Every structure is written in structure tokens, then in C-alpha cells.
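The next block holds one structure in the form of C-alpha cells; read it before the comments.
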Amino acid sequence: MKAPGLAALLSVVPLLPVDGQAITVVSWGGSYARAVDEAANLPFTEATGIPVRLEAYNGGLAQIRAQVDIGSVYWDVVDLEIADAVRGCDEGLLEPIDIDDLPPGPDGTPAADDFVAESQTECGVSNLYWSTVYAYNDENFPGEEPATMADFFDLEKFPGRRGMRRVPQVNLEFALIADGVPLDEVYATLRTPEGLDRAFAKLETIKDEVVWWEAGAQPPQMLADREVVMSTAYNGRIFNAQILENQPFTIVWDGQLLDVGQVGIVAGTRRLEEALRYVAFSTSAESMARIGRRISYSPARRSAMPLVTTHVVAGVDMAPHMPAGPGNMDRALRYDWAFWVDYQDELNERFSAWLSR
């Protein structure tokens, strides 16, 4: 039986709360999960009467695939990297979502025109833009400080251990940027055997000094503990450490990899109607703006951008801390999700083999 359209389901959201099955929303944990909980989950429950259980994971499709394959789906809505959203859709792991059924912007602009065009996929609804950057603890550099992606790979000029996520994506791009490949040629270079060899060779130059991380909460902690002198990280996690914990961290925006996050619904959930209502609510302009006032990720709706003003607790202007803030985009690389849809499995295998050597 076809589920009711989102437009029909949403018609009751602003009215009196109604009872519904609790849904499980899976996110990235840490400060980001807290922002989503405060900005989207709690207001959703207040508006609809539907409880939200929040779980954390470290990304990928393995857990979703296992649930769908055995027909025991207990996750409902999942925060996804866009490449995983596309792959999951192609594999039948996610429910299609029609953007025309999503609510309009505050000014009545249809959702299809309100969302940034490049951010939409068949089974994913974008909620924010975020960046992988690298950051350092100021106290480790009393003299000259790192300023470029090449500096991250320069162990002679800036000795000390580095933190990097234990996946090939982003690391390969950063390696080529550090090795002098122009930003507009990075993905074309990675599509060649010689380019991949070049990226792995650059990673090899710092491999012995890398501490590998898996969860987004780890880089700020490693920097604070001085386990590493610099680390790749999600920009919002570093922002929260700077603003809310008064950590002496600096973000290097040179070579930042700008990506878009999406939410998707796991195929076969028994709570499809509740999940659809949650997706529509959490990707509204108002919810995106509430998230953007708690962690420095930019909304994926045009109408939400002017609603992000100051941090809800610290009161600081959010604009300079956003990936697209003044000057931050000067040397940014946009994440090519299509490349990773095509090469993810192959490069995961090669990266794992390289790590084990």
C-alpha cells in the first residue's frame, strides 16, 4: 500500500500533537547530535507527539544494509554523507522521497526552488553544508603556524603527530592538494592510476605519524590532549570546542572539502509515515536555522540562510565560522560524490591494504 504523501502528512504538524510510534534517528554523535536534538528532534516531538530515539554511528551503509537484508529494520531516519545516500538508493536500501512533497520555505517558495539545486538526490533530503578541514592547537606553535594544506604534510617544518579519519575519502583529496595539484584538477587526477599512486605516495610521507580517528568527537579531544599537533576534522566540531569549551584551536580553511549532508529513510521501516513527517520537519528552513545557530554548518535551503544569525548560547556571529564565511571559500574544494559512488569499494580495499602494510 502506498504511503500517504508528505503534503497530507504535514497538514497536521502545526496543529495539535497526535500520538505516533517512536522513531529512531541515527546521527553522528557528539556536539552535532546535540545540536540536531535541540533544534529538530525535541521540537518535532513537541509538535507531533512522536518520540525520537537518537543513536550514533560513524557513517557508511554496512549497518543499514544488514538491517534491510535480513528484514529487521530498527533504524528509521539516518544522517548520511551524500555519496552513501546515492549508493544506498541505488541498492534499494533507502526510501525515495519526492522533493515536491516537502514544505515550502517561510516565504512560500516551493521546496524544489528553495533547496540548493546540487544538494538533492532521489532518496536523500539535504539539511546542511559542512566541511572537512584541518585544525591545530595554538599552544603547540609558539612561532610560525600552519597555514596551507601543504603544511599539514610537512613533518620537517611542523613536526608532530597528525590525526586523520580512517577512510580514503578526503585523505586522498588532501594529499593531492598538498602535492600541488590545482583544486579544479583533483578529481580528474584521482580518476587516473597515476593520480591515485601520487595520492597514496603523499600519504605515505606522513603515515608513521598519523593517529587514525573514526568518530567526529575524537579530533577535538586529541588536539586538547596534545595527542596530535594537528588533525583533520569536521569544521563544526572544532567550532564548538573553540566557542563553548574555550579551546585554543585554529581552523585552516585552505583546501577545505565542502560537502552536503542528507537525511534518508531506511527501506522497509514499519514507521514510514512517522519517518516522512520527521524528515519534512527536520529539513524545514526553521529547523535548519536552529541547527545553524548551534553548530557552524550552513543550511541547504536558501530561505534558511538569513535566519542563521548568532550562536544561541555564546552570542557570536555565525557567518565567519561557516564554511562559506568571508574568505573561507577562497581555496575550497567541492566534494565530488559521483567520484566516490563510482570508486568507493575499490578505494576502500586499496586503503585498507595500504594501512596494513
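Labels for the C-alpha cells follow display order: chains A, B, ..., residues from 1 in each chain, ligands from 1.
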
Select from segment 135-159 of chain A every residue with an atom at most 7 Å from any atom of segment 173-185 of chain A, then for each give the shortest pair of atoms and their distance in Å to one decimal, using only C-alpha atoms, rows by chain and rising number, as CSV.
```
residue,atom,partner,partner_atom,distance
A:Met149,CA,A:Ala178,CA,5.1
A:Ala150,CA,A:Ala178,CA,4.1
A:Phe153,CA,A:Ala178,CA,6.9
```

Export N, CA and C atoms of the chosen residues as an mmCIF file, in the first residue's frame?
```
data_model
loop_
_atom_site.group_PDB
_atom_site.id
_atom_site.type_symbol
_atom_site.label_atom_id
_atom_site.label_comp_id
_atom_site.auth_asym_id
_atom_site.auth_seq_id
_atom_site.Cartn_x
_atom_site.Cartn_y
_atom_site.Cartn_z
ATOM 1 N N MET A 149 47.453 23.503 3.141
ATOM 2 C CA MET A 149 47.347 22.043 3.183
ATOM 3 C C MET A 149 48.720 21.406 3.085
ATOM 4 N N ALA A 150 49.640 22.038 2.369
ATOM 5 C CA ALA A 150 50.996 21.505 2.286
ATOM 6 C C ALA A 150 51.651 21.454 3.657
ATOM 7 N N PHE A 153 51.252 18.271 5.697
ATOM 8 C CA PHE A 153 52.084 17.134 5.285
ATOM 9 C C PHE A 153 53.570 17.400 5.476
#
```

Picked from segment 258-357 of chain A by DSSP as strand (DSSP E), as a ChimeraX atom specification: /A:258-265,298-299,333-334

If we count only C-alpha atoms and set the cut-off at 7 Å, which residues sit around Asp138 of chain A, ignoring sequence neighbours fewer than 3 positions away in its own chain? Please answer as a ChimeraX atom specification. /A:141,248-250

With distances taken over only C-alpha atoms, the candidate from A:Met164, A:Ala285, A:Ala300, A:Val313 nearest Ala35 of chain A is A:Val313

Which residues, written as a PDB file with N, CA and C atoms, in the first residue's frame, have at least one atom at most 10 Å from segment 67-80 of chain A, with only C-alpha atoms counted and residues fewer than 2 positions away on the same chain left out?
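Everything below was put into around.pdb:
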```
ATOM      1  N   ALA A  22       7.195   5.784  18.211  1.00  0.00           N
ATOM      2  CA  ALA A  22       8.507   6.399  18.361  1.00  0.00           C
ATOM      3  C   ALA A  22       9.376   6.009  17.171  1.00  0.00           C
ATOM      4  N   ILE A  23      10.209   6.942  16.734  1.00  0.00           N
ATOM      5  CA  ILE A  23      11.137   6.650  15.637  1.00  0.00           C
ATOM      6  C   ILE A  23      12.569   6.738  16.144  1.00  0.00           C
ATOM      7  N   THR A  24      13.441   5.999  15.474  1.00  0.00           N
ATOM      8  CA  THR A  24      14.869   6.027  15.795  1.00  0.00           C
ATOM      9  C   THR A  24      15.597   6.822  14.722  1.00  0.00           C
ATOM     10  N   VAL A  25      16.245   7.879  15.141  1.00  0.00           N
ATOM     11  CA  VAL A  25      17.022   8.734  14.249  1.00  0.00           C
ATOM     12  C   VAL A  25      18.499   8.512  14.551  1.00  0.00           C
ATOM     13  N   VAL A  26      19.273   8.235  13.526  1.00  0.00           N
ATOM     14  CA  VAL A  26      20.690   7.905  13.691  1.00  0.00           C
ATOM     15  C   VAL A  26      21.531   9.044  13.137  1.00  0.00           C
ATOM     16  N   SER A  27      22.438   9.543  13.971  1.00  0.00           N
ATOM     17  CA  SER A  27      23.237  10.702  13.590  1.00  0.00           C
ATOM     18  C   SER A  27      24.696  10.466  13.952  1.00  0.00           C
ATOM     19  N   TRP A  28      25.485  11.529  13.938  1.00  0.00           N
ATOM     20  CA  TRP A  28      26.924  11.418  14.041  1.00  0.00           C
ATOM     21  C   TRP A  28      27.460  11.576  15.457  1.00  0.00           C
ATOM     22  N   ALA A  33      25.152  15.888  17.179  1.00  0.00           N
ATOM     23  CA  ALA A  33      23.921  15.225  17.598  1.00  0.00           C
ATOM     24  C   ALA A  33      23.160  16.068  18.608  1.00  0.00           C
ATOM     25  N   ARG A  53      14.053   8.606  19.323  1.00  0.00           N
ATOM     26  CA  ARG A  53      15.208   7.978  19.970  1.00  0.00           C
ATOM     27  C   ARG A  53      16.427   8.273  19.116  1.00  0.00           C
ATOM     28  N   LEU A  54      17.464   8.812  19.728  1.00  0.00           N
ATOM     29  CA  LEU A  54      18.654   9.214  18.984  1.00  0.00           C
ATOM     30  C   LEU A  54      19.769   8.206  19.211  1.00  0.00           C
ATOM     31  N   GLU A  55      20.349   7.700  18.115  1.00  0.00           N
ATOM     32  CA  GLU A  55      21.504   6.806  18.170  1.00  0.00           C
ATOM     33  C   GLU A  55      22.637   7.405  17.360  1.00  0.00           C
ATOM     34  N   ALA A  56      23.859   6.972  17.647  1.00  0.00           N
ATOM     35  CA  ALA A  56      25.045   7.471  16.946  1.00  0.00           C
ATOM     36  C   ALA A  56      25.689   6.358  16.136  1.00  0.00           C
ATOM     37  N   TYR A  57      26.324   6.753  15.028  1.00  0.00           N
ATOM     38  CA  TYR A  57      27.134   5.815  14.235  1.00  0.00           C
ATOM     39  C   TYR A  57      28.255   6.602  13.580  1.00  0.00           C
ATOM     40  N   ASN A  58      29.133   5.899  12.870  1.00  0.00           N
ATOM     41  CA  ASN A  58      30.292   6.549  12.252  1.00  0.00           C
ATOM     42  C   ASN A  58      30.202   6.600  10.734  1.00  0.00           C
ATOM     43  N   GLY A  59      28.994   6.445  10.186  1.00  0.00           N
ATOM     44  CA  GLY A  59      28.814   6.570   8.749  1.00  0.00           C
ATOM     45  C   GLY A  59      28.850   5.232   8.033  1.00  0.00           C
ATOM     46  N   GLY A  60      28.679   5.293   6.712  1.00  0.00           N
ATOM     47  CA  GLY A  60      28.690   4.087   5.891  1.00  0.00           C
ATOM     48  C   GLY A  60      27.324   3.434   5.809  1.00  0.00           C
ATOM     49  N   LEU A  61      27.245   2.389   4.991  1.00  0.00           N
ATOM     50  CA  LEU A  61      25.988   1.713   4.728  1.00  0.00           C
ATOM     51  C   LEU A  61      25.907   0.317   5.334  1.00  0.00           C
ATOM     52  N   ALA A  62      26.973  -0.155   5.968  1.00  0.00           N
ATOM     53  CA  ALA A  62      27.026  -1.551   6.403  1.00  0.00           C
ATOM     54  C   ALA A  62      25.874  -1.903   7.340  1.00  0.00           C
ATOM     55  N   GLN A  63      25.606  -1.057   8.338  1.00  0.00           N
ATOM     56  CA  GLN A  63      24.553  -1.381   9.300  1.00  0.00           C
ATOM     57  C   GLN A  63      23.168  -1.284   8.670  1.00  0.00           C
ATOM     58  N   ILE A  64      22.984  -0.316   7.780  1.00  0.00           N
ATOM     59  CA  ILE A  64      21.705  -0.197   7.068  1.00  0.00           C
ATOM     60  C   ILE A  64      21.502  -1.419   6.182  1.00  0.00           C
ATOM     61  N   ARG A  65      22.533  -1.801   5.455  1.00  0.00           N
ATOM     62  CA  ARG A  65      22.447  -2.951   4.546  1.00  0.00           C
ATOM     63  C   ARG A  65      22.102  -4.230   5.313  1.00  0.00           C
ATOM     64  N   ILE A  82      26.468  12.281   1.276  1.00  0.00           N
ATOM     65  CA  ILE A  82      25.668  12.252   0.058  1.00  0.00           C
ATOM     66  C   ILE A  82      26.036  11.078  -0.850  1.00  0.00           C
ATOM     67  N   ALA A  83      27.301  10.693  -0.891  1.00  0.00           N
ATOM     68  CA  ALA A  83      27.687   9.543  -1.704  1.00  0.00           C
ATOM     69  C   ALA A  83      27.018   8.271  -1.195  1.00  0.00           C
ATOM     70  N   ASP A  84      26.906   8.129   0.120  1.00  0.00           N
ATOM     71  CA  ASP A  84      26.226   6.969   0.690  1.00  0.00           C
ATOM     72  C   ASP A  84      24.732   7.019   0.415  1.00  0.00           C
ATOM     73  N   ALA A  85      24.155   8.218   0.409  1.00  0.00           N
ATOM     74  CA  ALA A  85      22.733   8.344   0.098  1.00  0.00           C
ATOM     75  C   ALA A  85      22.449   7.873  -1.330  1.00  0.00           C
ATOM     76  N   VAL A  86      23.335   8.224  -2.253  1.00  0.00           N
ATOM     77  CA  VAL A  86      23.147   7.816  -3.653  1.00  0.00           C
ATOM     78  C   VAL A  86      23.348   6.310  -3.803  1.00  0.00           C
ATOM     79  N   GLY A  88      23.101   4.042  -1.437  1.00  0.00           N
ATOM     80  CA  GLY A  88      22.028   3.359  -0.731  1.00  0.00           C
ATOM     81  C   GLY A  88      20.745   3.338  -1.528  1.00  0.00           C
ATOM     82  N   GLY A  92      18.644   0.019  -3.177  1.00  0.00           N
ATOM     83  CA  GLY A  92      17.329  -0.241  -2.607  1.00  0.00           C
ATOM     84  C   GLY A  92      17.308  -0.243  -1.094  1.00  0.00           C
ATOM     85  N   LEU A  93      18.286   0.414  -0.483  1.00  0.00           N
ATOM     86  CA  LEU A  93      18.369   0.450   0.974  1.00  0.00           C
ATOM     87  C   LEU A  93      17.607   1.624   1.579  1.00  0.00           C
ATOM     88  N   LEU A  94      17.207   2.588   0.735  1.00  0.00           N
ATOM     89  CA  LEU A  94      16.555   3.797   1.211  1.00  0.00           C
ATOM     90  C   LEU A  94      15.253   4.035   0.454  1.00  0.00           C
ATOM     91  N   GLY A 124      17.546  11.127  -0.725  1.00  0.00           N
ATOM     92  CA  GLY A 124      18.083  11.933   0.362  1.00  0.00           C
ATOM     93  C   GLY A 124      17.578  13.356   0.304  1.00  0.00           C
ATOM     94  N   VAL A 125      17.329  13.911   1.485  1.00  0.00           N
ATOM     95  CA  VAL A 125      16.965  15.332   1.584  1.00  0.00           C
ATOM     96  C   VAL A 125      18.099  16.038   2.312  1.00  0.00           C
ATOM     97  N   SER A 126      18.685  17.017   1.676  1.00  0.00           N
ATOM     98  CA  SER A 126      19.836  17.706   2.264  1.00  0.00           C
ATOM     99  C   SER A 126      19.395  18.604   3.411  1.00  0.00           C
ATOM    100  N   ASN A 127      20.250  18.650   4.429  1.00  0.00           N
ATOM    101  CA  ASN A 127      19.935  19.522   5.566  1.00  0.00           C
ATOM    102  C   ASN A 127      21.022  20.545   5.849  1.00  0.00           C
ATOM    103  N   VAL A 260      27.878  18.114   1.467  1.00  0.00           N
ATOM    104  CA  VAL A 260      26.500  18.332   1.884  1.00  0.00           C
ATOM    105  C   VAL A 260      26.005  17.074   2.578  1.00  0.00           C
ATOM    106  N   GLY A 261      25.339  17.263   3.705  1.00  0.00           N
ATOM    107  CA  GLY A 261      24.780  16.143   4.437  1.00  0.00           C
ATOM    108  C   GLY A 261      23.314  15.950   4.091  1.00  0.00           C
ATOM    109  N   GLN A 262      22.858  14.716   4.154  1.00  0.00           N
ATOM    110  CA  GLN A 262      21.475  14.410   3.843  1.00  0.00           C
ATOM    111  C   GLN A 262      20.868  13.526   4.935  1.00  0.00           C
ATOM    112  N   VAL A 263      19.554  13.515   4.978  1.00  0.00           N
ATOM    113  CA  VAL A 263      18.849  12.530   5.790  1.00  0.00           C
ATOM    114  C   VAL A 263      18.076  11.619   4.849  1.00  0.00           C
ATOM    115  N   GLY A 264      18.055  10.332   5.179  1.00  0.00           N
ATOM    116  CA  GLY A 264      17.335   9.355   4.384  1.00  0.00           C
ATOM    117  C   GLY A 264      16.539   8.429   5.275  1.00  0.00           C
ATOM    118  N   ILE A 265      15.584   7.736   4.695  1.00  0.00           N
ATOM    119  CA  ILE A 265      14.716   6.812   5.421  1.00  0.00           C
ATOM    120  C   ILE A 265      15.078   5.389   5.015  1.00  0.00           C
ATOM    121  N   VAL A 266      15.304   4.538   5.995  1.00  0.00           N
ATOM    122  CA  VAL A 266      15.706   3.161   5.722  1.00  0.00           C
ATOM    123  C   VAL A 266      14.537   2.395   5.100  1.00  0.00           C
ATOM    124  N   ALA A 267      14.817   1.720   3.987  1.00  0.00           N
ATOM    125  CA  ALA A 267      13.778   0.972   3.282  1.00  0.00           C
ATOM    126  C   ALA A 267      13.223  -0.145   4.164  1.00  0.00           C
ATOM    127  N   GLY A 268      11.905  -0.265   4.195  1.00  0.00           N
ATOM    128  CA  GLY A 268      11.272  -1.335   4.944  1.00  0.00           C
ATOM    129  C   GLY A 268      10.908  -0.979   6.367  1.00  0.00           C
ATOM    130  N   THR A 269      11.169   0.281   6.779  1.00  0.00           N
ATOM    131  CA  THR A 269      10.762   0.656   8.126  1.00  0.00           C
ATOM    132  C   THR A 269       9.252   0.518   8.288  1.00  0.00           C
ATOM    133  N   ARG A 270       8.827   0.061   9.464  1.00  0.00           N
ATOM    134  CA  ARG A 270       7.408  -0.041   9.759  1.00  0.00           C
ATOM    135  C   ARG A 270       6.833   1.285  10.233  1.00  0.00           C
ATOM    136  N   ARG A 271       7.696   2.271  10.325  1.00  0.00           N
ATOM    137  CA  ARG A 271       7.270   3.585  10.817  1.00  0.00           C
ATOM    138  C   ARG A 271       7.452   4.643   9.720  1.00  0.00           C
ATOM    139  N   LEU A 272       7.076   4.267   8.503  1.00  0.00           N
ATOM    140  CA  LEU A 272       7.329   5.130   7.349  1.00  0.00           C
ATOM    141  C   LEU A 272       6.616   6.470   7.482  1.00  0.00           C
ATOM    142  N   GLU A 274       5.673   8.143  10.146  1.00  0.00           N
ATOM    143  CA  GLU A 274       6.334   8.970  11.155  1.00  0.00           C
ATOM    144  C   GLU A 274       7.685   9.466  10.642  1.00  0.00           C
ATOM    145  N   ALA A 275       8.410   8.596   9.933  1.00  0.00           N
ATOM    146  CA  ALA A 275       9.724   8.971   9.403  1.00  0.00           C
ATOM    147  C   ALA A 275       9.604  10.070   8.358  1.00  0.00           C
ATOM    148  N   LEU A 276       8.598   9.976   7.497  1.00  0.00           N
ATOM    149  CA  LEU A 276       8.370  11.010   6.493  1.00  0.00           C
ATOM    150  C   LEU A 276       8.071  12.352   7.152  1.00  0.00           C
ATOM    151  N   TYR A 278       9.022  13.284  10.087  1.00  0.00           N
ATOM    152  CA  TYR A 278      10.254  13.770  10.717  1.00  0.00           C
ATOM    153  C   TYR A 278      11.173  14.409   9.675  1.00  0.00           C
ATOM    154  N   VAL A 279      11.363  13.758   8.543  1.00  0.00           N
ATOM    155  CA  VAL A 279      12.251  14.305   7.508  1.00  0.00           C
ATOM    156  C   VAL A 279      11.761  15.676   7.061  1.00  0.00           C
TER     157      VAL A 279
END
```

As a count of residues only, list the residues of segment 123-312 of chain A assigned to alpha helix (DSSP H) by DSSP on the backbone atoms of this structure. 65

Could you give me, as a ChimeraX atom specification, the residues within 12 Å of Gly325 of chain A, counting only C-alpha atoms and dropping anything in the same chain fewer than 3 positions from it? /A:129-131,235,253,296-298,305,317-322,328-330,332

Store the residues of this selection in a file with C-alpha atoms, as a short mmCIF file (atom, residue, chain, number, x, y, z; two decimals), in the first residue's frame.
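Written file, out39.cif:
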```cif
data_model
loop_
_atom_site.label_atom_id
_atom_site.label_comp_id
_atom_site.auth_asym_id
_atom_site.auth_seq_id
_atom_site.Cartn_x
_atom_site.Cartn_y
_atom_site.Cartn_z
CA TYR A 129 26.70 22.03 4.24
CA TRP A 130 29.77 21.10 6.23
CA SER A 131 33.48 20.92 5.63
CA ASN A 235 34.59 22.22 10.99
CA TRP A 253 40.44 26.66 5.67
CA SER A 296 28.66 26.04 12.27
CA TYR A 297 27.08 24.15 9.38
CA SER A 298 25.30 26.08 6.64
CA MET A 305 20.40 31.18 5.45
CA ASP A 317 28.14 35.94 14.82
CA MET A 318 27.97 32.62 12.98
CA ALA A 319 28.88 33.90 9.50
CA PRO A 320 32.71 33.95 9.90
CA HIS A 321 32.64 30.38 11.21
CA MET A 322 30.64 28.88 8.36
CA ASN A 328 36.81 30.69 3.90
CA MET A 329 35.83 29.58 0.39
CA ASP A 330 38.84 31.12 -1.35
CA ALA A 332 37.77 25.29 -1.13
#
```

How far is it from atom CA of Glu122 of chain A to atom CA of Leu102 of chain A, in Å with one decimal? 13.0 Å
